[in-house]
Structure formats: structure tokens, C-alpha cells
Amino acid sequence: MKRTLRGLVLPVALLALWELASHARLVDPRILPPLELVAHTAVYQVMHEGLLGNLAASLARDMAGFCIGCFIGVVVGTALGLSRVADSLFMPSFNGLRQIAILAWIPLISIWFGVGESAKVVFIAAAALIPVVLNTREGMRAASAHLVDVAHALTFTRWQLVTRLYLPSALPSIATGVHLGLIYAWVASVGSEYFMTVGPGIGGLIIAGRERFQMDLVMLGILILGLVGLAINLGASAIEARLMRWKPG
Amino acid sequence: MTDGAFGTSGRRRLAFSWLPGIALLIAVLATSTALKADEPVTIRFGFASVGVDNRPYSGGSPIATAQAEHYVENELKDLPNVRIEYSFFKGAGPAVNEAFANGQLDFASQGDLPQVIGRANGLKTRILAAAGAHGPMYLGVPVDSDIHSIKDLKGRKVAIFRGTNNHLAVVKVLAANGLTERDLQGINMDEASANAALVTRNIDAAFGNYGILLLADQGLARVAYTTKGDNPAYERESSLIAADSFVTAHPDLTQRVVTAIVKAAYWSSEESNREALFEIWARSGRPASVYRADFEGQTLKYRDTPLLDDYLIAQYRFQAQQARQYGLVRRDVSIDGWIDPQFLNVALKQLGLEHYWTSYDADGKPQGGS
Amino acid sequence: MRVAAAAAPSWPSLPRGGIAFLFPLSLLALWSVSARMGWLPPQILPAPSEVGSALWDLAGTGELASNTGISLLRVVEGFAAGSALGLLLGVAMGLSRTTEDYLKPLFTAFAQVPTLGWIPFLMLLVGIGEPLKILVIAKAAFVPVALNTLAGIRAVPPIYAEVGALFRFSRWQLLHRVVLPAAVPPIFTGLRYGLTHAWNALVAVELLASAEGLGYLLVWGRQMFWLDTMMGAMIVIGIVGFALDRIMAAAEQRLQRWRLA
């Protein structure tokens, strides 16, 4: 209890300072709007400017890209993890390509996929699939040789090997990859809203706030980003814990 | 596995199981061919600009008038299967090119430089009518800025929206003052970002057109220079450009679209409509006073002409050559065969407007007749 | 009972290092051929030779060097600032549970918002000049460094402290003779992540508002539809990012050797 209270001291003090500075005009209120203005903007946005719709759009885009990226990531990661040949053929190229900062792909993806939502989804999928591929491959490669011997002894078919042995034993790594993928996908979806065509979304809200010098909008956007980020992190940890339960032995 | 499970009688039953499948397939194909005759068509229009706060309106050209007042929809009223879709691109001309490159647009209102850039990159398009000819460009600075001319820009932070027709005008104007883009700290920003940065003095100056006028109108910035009244070689042109694929697939629809635009151009050229016109364009969020200032001292006919006369063709040839000269495109762009006046001519004839607008020759002198 | 068959390679064994290049080289060949044959329009895929010549031109005018240099300088400055702060915070939180109680929740809240989210906020605060870039890059480096430093210090086995006490080490001696060296590997991991994030943040902020740098080249290329320049800039961004990480890895190895000595 004491620890929780201690944790609240700084944030509360900061907020109080902010309120004071804003009301006392110590700082230009356009730079630091009073908290109640931010709250009021939040309510206004929800009621009149479809904030919830914007949020839903961001999340939908995020989920679409993430699911595609995750699926492809698991498939590719499995292939690379299980086949030494495929691994030595493709892994160096993959490693090389992923050196290019993910945002640097946006202009190319824009030109290749145009101005609609598909470009954004492709970008998000690409961002999500990187950690998923890496971690899935890691997990597949780390399958205990002992278990493999047992499986062979039990005359598992190829398919059974993959589904009954490699997949479950790689699950913890895959879970980590999925967790990271969720985070990367979210960051990528914010990025896609900044740099690709305007569409509904929280990123657009923040950019609009900046253009109209409405710091309260920007702060609202940041708050939402933080909350969604937190929710994603917690959700991802929960999924990870779930998947870990399947870990053999 | 194949033997045991089904047995011989099963196999006989299975033998004709493909029949219903074939029948269904034939039925589907038949229906779809029947539907093809009435296939819905979506005409996708793009604007190389967007309204204030991303409002889906534009201004300053007959195409903007046409969109705001539904000219195209009215023209195509008798074809219920045809839908019109409008997109407004914050990324301006370059974004329109990205859309064309991906087959996502059929028509666009776009400026000369991005059109030339698109053509240089192999985009298969054609220009069907002028829409926004003789456009000026403006240099905006903070109200109390010490910048009073182009020469003062040396070494300063200036917003330039690269790839737009403003960019080409900027390059020419800089060159006339002995400067290049590299002599400035040029930051690529779209209209809204540039405005925000100018007002907060994050940049020293910004090149633009309606965005700058908007700030000036609000007293948040000052126009330090404009190409209006200066050398006509600095003008920007814009026009109605279409994807070849759409034009060849739907020449009839293309004709009707062009006719609708010409109608809008006519309305936008009648001086009696002047104020009403600016009010329509004000739906973009920029007040009528902005457009009034931009069109100050010029007739509506002059700016809103759709004519693809010798002057415009020479201008486009000039723009392509200048773009090459200043390194904005890497190869020579020939404009032969790019400008296609057939639809325009039919529309003018249909509407009896062949002599309404003045046709200018390559040197900018009015030609007798069209 | 079937004997476990060894996974026999179906390919003749190729030279170890060579196989890494098989795929990229064949892709490059395919790319060249497709560009020559015009399978894809040039606005979608320029010929590799064009990308090469675009890079060559940029190098020739000195633009490549100057833009790369500016980007590197920004990253170095931002990373230094951010990681220094991160180390400080991580150590402070790691050494004292009380400090951690006070600081961690605020820090966690701060860390939830992606760097991209902070950029417009910072733009409104400090404008779009160099300070913006440094702050954004510093923020990007700060979070992973602080987190990993904290984790590293926490992971030091308590027995080390007990041994330290046996030797009657002062607090300071304990810190810099025992705890910090033991925490170096995770701290270094944090620094490596921090540098990667810093580089990514640099690209982000240069894409948004910059008059120079590699991100700026990328934007210029995009606006002018110069795919070759764009791809060239992407390649350089990849190479520099890779080089930065390699330098960190080498430093890490150096440090390991020193530690074990």
C-alpha cells in the first residue's frame, strides 16, 4: 500500500504543478492548457467529433495489420527454424532488410501500394512480422533434441512433428514474439497515420492538434496512445502467460 | 486410404457429383455476363489539395466548383450505375501520382510539375482540359519579419512543398535571384504544417498559394513576394488529367465528365458569379476573401479557362523543359500526345462555347477565333 | 521401430559464407532482368543500376556524406544524452527500492507512449530545429537504457553484496567494484536497444520535419518520385543502422573480455 502511494506522489505533484502553472499563466496556456480543458476536449471529441470512431479505426487497422503480420511471421519463422537450408538461404537477407529502420519503408510502401488503407495495413503487417519471425525461428530451433528423438521413435509424421512437438515447444518464444509484434504493430499504425494518407485515427488527431496549435488535442492524443499502449502491453502479457501454460514439462 | 473408405458403390455415387457443380458454375457465369452490361462504374476523382482541417473541399479551379456543386453527378444522373468518388490529398500532386501509379484514380485536378514528374516516370495519363491556369505563387513570412525579398531568403529556414507546381515556380524564382534550393534550408512541408510552422516562427518563410493567403487574411503572416505581376514565365498551371485506362475503357463517360467540367468552367467564368464563386470555394475552409485576393485584378475567364490552346501547350512544354533543366526530373519529357483536346472540343461544341473563352497563342497573345 | 534419420541436406554442401549471398544475388539478377524487360513499370521498380547511379551521384556531390554525417551527429548527441539519463535513472531505481517506488510508475506511464506520439508535442514546445531532433532521439534511447539498467542491477545476486560486506567495501566501492560490473551485460543490452531505437527515432523525426539528413533525402526522393534516390537512401539507412549496431556489439565483446580478465 505504501509503495502504491509512493508511486502516486510524483504524478500527482506533476499534475498539480501543471494546473498551477497553467492557471497562474506562468507558462503560456497554449503550451500548457489547464487539465480541465484537456478533459473538456476529451468529452467534446467523444460527443461531437467521433473520437471513439477514430480510436476504433486506429485499432481495427492495427489488428488487421497485426493478424496478417503475425500469421505470416509464424509461418516464415517456422520454415526458417525447421529447415537449415531455408535458414541459410534466406536469413541473411532477412537480417539485412530488417536493418532498414521500419519507418524508412513508408515512402516505398506508399508508392507500391498507393493511397488507401491497404498501404497502411501492409506497413503494420511488416512491422509486426519482424519480431514474430525472429522469435518463432528461435523457438523452433531450440526444440530439445531429446524430444525430437522421442518423436522419431514414435514414428511421428512430418505434420505431427510440427504440430505436436515443435509448435508447443516453441510456444514461449512465439509468445514473446507475438507480444513484441503487438507493440511494434501499434507503433507502426500510429506511424502510418502520420506519414500516409489522412484517414480516421488517433494519429490524425494528434497531427491536427499540432497544426491547429491545440495542445489540448495533442495531449489528449498522447493520453489515449499511452492508455492503448498500456492496454496492449497488459493484453499481450496475458496472452503470453496463456501460451506459456502450454509449455511442455 | 483411397480403397477402403468409400467402396465401389460410393465411387459410382461420386461419379456424377461434379454435375451440379458444373451447372452452378454455368449459372454463375451466365448471370455475371448478364450483369456486365449494367456493371457499376465508380469514377474516382482526386484533388491535389485538401480543405482546412482536412475538409473535403477544394477551391480555385472549375473542378472544385464542379465537385462542390455536383456538376458531374448531375450530368450523369441518367446512369444510376455510375458513382462518383472524390478524394482529397494532403500530399498534393505527389500523392495524386502515387494514386495514379496504383490505378487508384481515374481523374485528377493536378498541377504542372507533378504531372510532368508522373509522365517522366511512365504514368499513362492524358490532359483533357485546363483547370486553374495562370496560377500565382506567394512567399509568406511572419508579420514582423525582416525578409522583404527573395534575396533575403539566403540561409533561412523555408518551407517548400516539393513536387508540387509551387516547387517549380520556387526554383525559377530563386534562380532569377541567383539562388538555388541548396542556398536555403528548405524543409518539405504540406500546406497545413507550413502554416503552423510559419505562425509559430519555427520557420522563417514559406512558399505556397492559398495557405499563405489564408494566413495573410488572418493577419498571421505577410506576403513578402508574389509571382503575380512578375514575369509570366513563373506561372503555375493546373489541369484535368485522366488515366489512359479509364479514357479508353469509357470514352463516353469521359466525354460527359469533361462536358460537366466545362459547364462548371463556364459558370466559374461569368463575372456576375464572381462573389458567389468565391463563396462556393470558401467551403474549403478558406474564406472568400482569400480567393478574392488571389483573383484580384484578373478576370475569371482568364483563370478558369478550360482551353487547351497553343499557349497552354507551349507552357507545358516549357514546364517540362524547365523541370529537366533544374534537375527536378531526370529525363527529357516529351509532351507530344499527352494533351488530348478531343473531349474538350466536343464539349465546347455541344455547349456552344467555342468562342466564349479567348484562345492565346504560344507567345500569350490572343488569337482570333479558337 | 524406425531409427531417427539424420536430417540429410538435399543440397550439395555450399561454402558456408557463400550461401548467404545466393538469395540476394539471385534477387538482384531477377530485379535487373525485370527492369530490362519492363515487367514492372519504372515508377514501381527502377533498375538496380539506376539505384546505384543515384547513390553514386549523391556521393559525388558530397550530399550523401553531408546528410549521413548530420544524421549520425544527431544520433550520437541524442543517444549520449538519453542513455546518460537512462543510466542515471536505472541506477537510482536499481539501488534503492524507495526511489523505484517513487519513480517507476511515472516512468512506466511515460514509456507507454511511443516516441512518435511525443514528436508533435515536442514540436509545439521547441519548434522544429535541432533541439527537437536531439530531444526525440534522447527520449527513444532513454527508455530501454533505463529499463535494462534497472533490470541489470536488480539481477545482481545478493551474494555479491554479502561478499562486498565481508571485504568491508564502502557503499561507493560496492557500487563501482561489484554491482556495476556485474550488471554490465544487461546494461549493454539496454544500450544496444537504445541505439537501435535512437536510430529509428532519427528517421522518424527527419521524415517529419527536416532540412537535411538521410530521412530528408528519403522525403525528397518520395516527393519527386525518384524511386532510385529513395531506395538508395533506404540502403544507406540500413547500412548505417547495421554499422552502429556492429560497433555496439564489438564494444560489448571488448567489455566482456575486460570483465573476465
# chains A, B, ... in the order shown; residues from 1 in each chain; ligands from 1

call {"tool": "interface_residues", "arguments": {"of": "chain B", "to": "chain C", "cutoff": "9 Å", "atoms": "only C-alpha atoms", "output": "PDB file with N, CA and C atoms, in the first residue's frame"}}
result
ATOM      1  N   GLY B  91      -1.117  15.227 -49.419  1.00  0.00           N
ATOM      2  CA  GLY B  91       0.198  15.122 -50.039  1.00  0.00           C
ATOM      3  C   GLY B  91       0.248  15.754 -51.405  1.00  0.00           C
ATOM      4  N   GLY B  93       0.132  17.058 -55.273  1.00  0.00           N
ATOM      5  CA  GLY B  93       0.452  16.420 -56.545  1.00  0.00           C
ATOM      6  C   GLY B  93       1.184  15.095 -56.410  1.00  0.00           C
ATOM      7  N   PRO B  94       2.233  15.021 -55.573  1.00  0.00           N
ATOM      8  CA  PRO B  94       2.939  13.747 -55.421  1.00  0.00           C
ATOM      9  C   PRO B  94       2.029  12.608 -54.965  1.00  0.00           C
ATOM     10  N   ALA B  95       1.100  12.892 -54.065  1.00  0.00           N
ATOM     11  CA  ALA B  95       0.201  11.829 -53.603  1.00  0.00           C
ATOM     12  C   ALA B  95      -0.731  11.390 -54.729  1.00  0.00           C
ATOM     13  N   ASN B  97       0.048  11.340 -57.805  1.00  0.00           N
ATOM     14  CA  ASN B  97       0.867  10.448 -58.636  1.00  0.00           C
ATOM     15  C   ASN B  97       0.927   9.044 -58.061  1.00  0.00           C
ATOM     16  N   GLU B  98       1.078   8.965 -56.742  1.00  0.00           N
ATOM     17  CA  GLU B  98       1.118   7.636 -56.108  1.00  0.00           C
ATOM     18  C   GLU B  98      -0.183   6.901 -56.373  1.00  0.00           C
ATOM     19  N   ALA B 101      -0.282   5.806 -59.989  1.00  0.00           N
ATOM     20  CA  ALA B 101       0.651   4.698 -60.195  1.00  0.00           C
ATOM     21  C   ALA B 101       0.048   3.378 -59.751  1.00  0.00           C
ATOM     22  N   ASN B 102      -0.899   3.434 -58.833  1.00  0.00           N
ATOM     23  CA  ASN B 102      -1.524   2.224 -58.343  1.00  0.00           C
ATOM     24  C   ASN B 102      -2.915   2.004 -58.901  1.00  0.00           C
ATOM     25  N   PRO B 114       3.944  18.143 -60.871  1.00  0.00           N
ATOM     26  CA  PRO B 114       3.689  16.728 -60.573  1.00  0.00           C
ATOM     27  C   PRO B 114       3.197  15.942 -61.785  1.00  0.00           C
ATOM     28  N   ILE B 117       6.282  15.151 -63.689  1.00  0.00           N
ATOM     29  CA  ILE B 117       7.014  14.113 -62.959  1.00  0.00           C
ATOM     30  C   ILE B 117       6.368  12.751 -63.178  1.00  0.00           C
ATOM     31  N   GLY B 118       5.025  12.729 -63.116  1.00  0.00           N
ATOM     32  CA  GLY B 118       4.331  11.473 -63.342  1.00  0.00           C
ATOM     33  C   GLY B 118       4.634  10.927 -64.721  1.00  0.00           C
ATOM     34  N   ALA B 120       7.188  11.607 -66.589  1.00  0.00           N
ATOM     35  CA  ALA B 120       8.594  11.193 -66.666  1.00  0.00           C
ATOM     36  C   ALA B 120       8.775   9.795 -66.090  1.00  0.00           C
ATOM     37  N   ASN B 121       7.906   9.424 -65.175  1.00  0.00           N
ATOM     38  CA  ASN B 121       8.011   8.111 -64.558  1.00  0.00           C
ATOM     39  C   ASN B 121       7.142   7.075 -65.231  1.00  0.00           C
ATOM     40  N   GLY B 122       6.632   7.408 -66.398  1.00  0.00           N
ATOM     41  CA  GLY B 122       5.898   6.416 -67.165  1.00  0.00           C
ATOM     42  C   GLY B 122       4.435   6.279 -66.824  1.00  0.00           C
ATOM     43  N   LEU B 123       3.864   7.212 -66.066  1.00  0.00           N
ATOM     44  CA  LEU B 123       2.430   7.117 -65.792  1.00  0.00           C
ATOM     45  C   LEU B 123       1.660   7.345 -67.085  1.00  0.00           C
ATOM     46  N   LYS B 157      15.410  29.267 -42.984  1.00  0.00           N
ATOM     47  CA  LYS B 157      14.567  28.064 -42.976  1.00  0.00           C
ATOM     48  C   LYS B 157      13.286  28.379 -43.752  1.00  0.00           C
ATOM     49  N   VAL B 158      13.106  27.680 -44.884  1.00  0.00           N
ATOM     50  CA  VAL B 158      11.952  27.978 -45.726  1.00  0.00           C
ATOM     51  C   VAL B 158      11.179  26.690 -46.018  1.00  0.00           C
ATOM     52  N   PHE B 161       6.973  22.940 -50.544  1.00  0.00           N
ATOM     53  CA  PHE B 161       6.286  21.666 -50.728  1.00  0.00           C
ATOM     54  C   PHE B 161       6.799  21.068 -52.036  1.00  0.00           C
ATOM     55  N   ARG B 162       7.723  20.145 -51.899  1.00  0.00           N
ATOM     56  CA  ARG B 162       8.406  19.635 -53.064  1.00  0.00           C
ATOM     57  C   ARG B 162       7.529  18.764 -53.946  1.00  0.00           C
ATOM     58  N   GLY B 163       7.743  18.880 -55.233  1.00  0.00           N
ATOM     59  CA  GLY B 163       6.998  18.059 -56.172  1.00  0.00           C
ATOM     60  C   GLY B 163       5.686  18.690 -56.598  1.00  0.00           C
ATOM     61  N   THR B 164       5.317  19.828 -55.980  1.00  0.00           N
ATOM     62  CA  THR B 164       4.082  20.490 -56.395  1.00  0.00           C
ATOM     63  C   THR B 164       4.428  21.557 -57.428  1.00  0.00           C
ATOM     64  N   LEU B 184      19.203  27.635 -49.377  1.00  0.00           N
ATOM     65  CA  LEU B 184      18.256  27.806 -48.282  1.00  0.00           C
ATOM     66  C   LEU B 184      18.250  26.535 -47.450  1.00  0.00           C
ATOM     67  N   GLN B 185      17.665  26.624 -46.272  1.00  0.00           N
ATOM     68  CA  GLN B 185      17.378  25.398 -45.533  1.00  0.00           C
ATOM     69  C   GLN B 185      15.935  25.054 -45.882  1.00  0.00           C
ATOM     70  N   GLY B 186      15.771  24.336 -46.971  1.00  0.00           N
ATOM     71  CA  GLY B 186      14.425  24.050 -47.430  1.00  0.00           C
ATOM     72  C   GLY B 186      13.837  22.842 -46.720  1.00  0.00           C
ATOM     73  N   ILE B 187      12.710  23.009 -46.086  1.00  0.00           N
ATOM     74  CA  ILE B 187      12.054  21.914 -45.388  1.00  0.00           C
ATOM     75  C   ILE B 187      10.798  21.551 -46.155  1.00  0.00           C
ATOM     76  N   ASN B 188      10.614  20.277 -46.425  1.00  0.00           N
ATOM     77  CA  ASN B 188       9.419  19.857 -47.136  1.00  0.00           C
ATOM     78  C   ASN B 188       8.225  19.822 -46.183  1.00  0.00           C
ATOM     79  N   MET B 189       7.224  20.627 -46.445  1.00  0.00           N
ATOM     80  CA  MET B 189       6.045  20.620 -45.579  1.00  0.00           C
ATOM     81  C   MET B 189       4.798  20.834 -46.405  1.00  0.00           C
ATOM     82  N   ALA B 197       3.934  26.038 -38.837  1.00  0.00           N
ATOM     83  CA  ALA B 197       5.326  26.376 -38.542  1.00  0.00           C
ATOM     84  C   ALA B 197       5.590  27.859 -38.743  1.00  0.00           C
ATOM     85  N   THR B 200       4.123  29.900 -35.758  1.00  0.00           N
ATOM     86  CA  THR B 200       4.914  29.758 -34.540  1.00  0.00           C
ATOM     87  C   THR B 200       6.360  30.155 -34.766  1.00  0.00           C
ATOM     88  N   ARG B 201       6.651  30.671 -35.960  1.00  0.00           N
ATOM     89  CA  ARG B 201       8.012  31.126 -36.275  1.00  0.00           C
ATOM     90  C   ARG B 201       9.047  30.017 -36.208  1.00  0.00           C
ATOM     91  N   ASN B 202       8.607  28.774 -36.358  1.00  0.00           N
ATOM     92  CA  ASN B 202       9.582  27.685 -36.410  1.00  0.00           C
ATOM     93  C   ASN B 202      10.346  27.748 -37.715  1.00  0.00           C
ATOM     94  N   ILE B 203       9.744  28.390 -38.712  1.00  0.00           N
ATOM     95  CA  ILE B 203      10.452  28.601 -39.973  1.00  0.00           C
ATOM     96  C   ILE B 203      10.442  30.104 -40.258  1.00  0.00           C
ATOM     97  N   LEU B 328      14.703  18.635 -61.677  1.00  0.00           N
ATOM     98  CA  LEU B 328      13.560  18.105 -60.942  1.00  0.00           C
ATOM     99  C   LEU B 328      13.048  16.814 -61.571  1.00  0.00           C
ATOM    100  N   VAL B 329      13.333  16.627 -62.846  1.00  0.00           N
ATOM    101  CA  VAL B 329      13.108  15.323 -63.459  1.00  0.00           C
ATOM    102  C   VAL B 329      14.433  14.914 -64.084  1.00  0.00           C
ATOM    103  N   ARG B 330      14.651  13.635 -64.183  1.00  0.00           N
ATOM    104  CA  ARG B 330      15.932  13.144 -64.658  1.00  0.00           C
ATOM    105  C   ARG B 330      15.972  12.868 -66.153  1.00  0.00           C
TER     106      ARG B 330
END

call {"tool": "residues_around", "arguments": {"residues": "A:Gly229", "least_positions_apart": "3", "cutoff": "9 Å", "atoms": "only C-alpha atoms", "output": "compact mmCIF listing (two decimals) with N, CA and C atoms, in the first residue's frame"}}
result
# COMPACT_ATOMS: atom_id res chain seq x y z
N ILE A 183 3.26 -4.72 -29.94
CA ILE A 183 3.79 -3.39 -29.66
C ILE A 183 4.25 -2.71 -30.94
N TRP A 186 1.38 -1.56 -33.10
CA TRP A 186 0.73 -0.35 -32.64
C TRP A 186 1.54 0.88 -33.01
N VAL A 187 2.84 0.83 -32.77
CA VAL A 187 3.70 1.95 -33.12
C VAL A 187 3.62 2.20 -34.63
N ILE A 224 -4.37 9.03 -24.91
CA ILE A 224 -5.00 7.85 -25.49
C ILE A 224 -3.94 6.85 -25.95
N LEU A 225 -2.89 7.38 -26.59
CA LEU A 225 -1.81 6.49 -27.03
C LEU A 225 -1.24 5.72 -25.85
N GLY A 226 -1.02 6.46 -24.76
CA GLY A 226 -0.46 5.81 -23.57
C GLY A 226 -1.38 4.73 -23.04
N ILE A 232 -2.42 -2.69 -24.51
CA ILE A 232 -1.81 -3.68 -25.40
C ILE A 232 -0.74 -4.46 -24.65
N ASN A 233 0.07 -3.73 -23.87
CA ASN A 233 1.11 -4.41 -23.11
C ASN A 233 0.52 -5.42 -22.14
N LEU A 234 -0.51 -4.98 -21.42
CA LEU A 234 -1.14 -5.88 -20.45
C LEU A 234 -1.78 -7.06 -21.16
N GLN C 112 4.93 4.28 -21.96
CA GLN C 112 3.86 3.66 -22.73
C GLN C 112 3.59 4.38 -24.04
N VAL C 113 3.87 5.67 -24.07
CA VAL C 113 3.58 6.43 -25.28
C VAL C 113 4.75 6.27 -26.25
N PRO C 114 4.48 5.78 -27.46
CA PRO C 114 5.59 5.60 -28.41
C PRO C 114 6.23 6.93 -28.76

call {"tool": "atom_distance", "arguments": {"atom1": "atom CA of A:Ser93", "atom2": "atom CA of C:Ala29"}}
result
14.6 Å

call {"tool": "residues_around", "arguments": {"residues": "B:Trp281", "least_positions_apart": "2", "cutoff": "10 Å", "atoms": "only C-alpha atoms", "output": "list of chain:residue names"}}
result
B:Gly51, B:Tyr57, B:Ser58, B:Gly59, B:Gly60, B:Ser61, B:Pro62, B:Ala64, B:Thr65, B:Ala68, B:Glu275, B:Ala276, B:Leu277, B:Phe278, B:Glu279, B:Arg283, B:Ser284, B:Gly285, B:Arg286, B:Pro287, B:Ala288, B:Val290, B:Tyr291

call {"tool": "select_by_dssp", "arguments": {"residues": "stretch 5-219 of chain A", "states": "alpha helix (DSSP H)", "output": "MDAnalysis selection string"}}
result
chainID A and resid 5:23 35:48 51:82 84:97 106:113 117:141 145:153 158:160 167:195 202:211 215:219
